[in-house]
Amino acid sequence: MTGRILSLDTASRHGSVALVAGTGIVEEKPLYSDEGYGHIIFSEIDALLRRHGWRLSDLDCFAAASGPGSFTGTRVGLAAVKGLAAALGRPAVGVSNLQAMAWHGTAPLRAVVADARRGEVYGAVYTATLDIAQPETVTGVQEWLQGLPSGRLELLATDTGWLEEALLRAGGTPPLRAVPGQLAGAVGAVAAHRLERGIPADPAALDANYVRRSDAELFWRDW
């Protein structure tokens, strides 16, 4: 059985930190910061551990949301768990925010979608075992909706309001359900699932899952 996991989601302004035991969420503490998480994340981790009488040395694994989301915020969470895992000699897992959203689903196929701005969405389809059924991508919302596979499928989003018009235009789309915006608990549960399946969790291998390149890369010129 998977042991104790500390998991973070700092990929958006509405983040969270969580403790997971086995595949059950012990506590998930919502976080909000317009100024990033670098100045608060370790104090929040310390407070969460103290509430449950846990020490860092009691933890068996660390996990962080790897995006897509805020480029800087995602890096903060990944750097925190990489540092803690390396210092304590523990495994560390990076979990896609889209896969963490799919964890909240109930259907055999779970289409997850998030606003990518610029008139685009991040989207993917996962199975009930959280395996990829349709790869993560960034594209127009109508194109993505039209490309969804057939079968018993539900549509999951943390904010459903902006999707209503697109769904009306698409017609015949699957049912839409809101999932929590704070994903650290789901990140920890997915990490536990991976560890149980024997998937490697080397801290040095953690990297951000941006799906779309940063603005700096998009607009960079080779002078």
# chains A, B, ... in the order shown; residues from 1 in each chain; ligands from 1
$ select_by_dssp --residues "region 108-171 of chain A" --states "strand (DSSP E)" --output "MDAnalysis selection string"
chainID A and resid 109:117 120:127 132:140 153:157
$ residues_around --residues "Thr10 (chain A)" --least-positions-apart "3" --cutoff "10 Å" --atoms "only C-alpha atoms" --output "list in words"
Arg13, His14, Gly15, Ser16, Val17, Leu31, Tyr32, Ser33, Gly36, Tyr37, Gly38, Ile41, Ala64, Ala65, Ser66, Gly67, Gly69, Ser70, Phe71, Thr72, Gly73, Thr74, Arg75, Val76, Gly77, Leu78, Gln182, Leu183 and Ala184 of chain A
$ write_last_selection --atoms "C-alpha atoms" --output "tab-separated table (two decimals), in the first residue's frame"
chain	number	residue	atom	x	y	z
A	13	ARG	CA	-3.86	31.60	-8.61
A	14	HIS	CA	-6.22	29.14	-6.91
A	15	GLY	CA	-3.81	26.45	-5.75
A	16	SER	CA	-3.68	24.03	-2.85
A	17	VAL	CA	-1.49	21.80	-0.72
A	31	LEU	CA	-4.23	28.55	-1.39
A	32	TYR	CA	-4.69	31.83	-3.22
A	33	SER	CA	-1.97	34.21	-4.29
A	36	GLY	CA	2.99	33.76	-6.67
A	37	TYR	CA	3.64	30.99	-4.15
A	38	GLY	CA	7.38	31.15	-3.57
A	41	ILE	CA	4.56	27.55	0.04
A	64	ALA	CA	3.26	18.43	-7.73
A	65	ALA	CA	0.93	19.59	-10.47
A	66	SER	CA	3.05	19.94	-13.59
A	67	GLY	CA	0.67	22.08	-15.68
A	69	GLY	CA	-1.12	26.52	-16.17
A	70	SER	CA	0.96	29.42	-14.95
A	71	PHE	CA	4.54	29.00	-16.14
A	72	THR	CA	6.08	30.53	-13.02
A	73	GLY	CA	3.61	28.97	-10.59
A	74	THR	CA	4.12	25.51	-12.02
A	75	ARG	CA	7.89	25.85	-11.64
A	76	VAL	CA	7.52	26.85	-7.98
A	77	GLY	CA	5.63	23.67	-7.10
A	78	LEU	CA	7.92	21.40	-9.08
A	182	GLN	CA	-7.95	23.10	-6.22
A	183	LEU	CA	-6.20	19.96	-7.44
A	184	ALA	CA	-3.48	19.08	-4.92
$ closest_residue --among "A:Ala86, A:His39, A:Gly3, A:Gly181" --to "Thr23 (chain A)" --atoms "only C-alpha atoms"
A:Gly3
$ residues_around --residues "Arg90 (chain A)" --least-positions-apart "2" --cutoff "7 Å" --atoms "only C-alpha atoms" --output "ChimeraX atom specification"
/A:60-61,85-86,88,92
$ closest_residue --among "A:Arg4, A:Arg197, A:Arg118, A:Arg50" --to "Ala63 (chain A)" --atoms "only C-alpha atoms"
A:Arg4
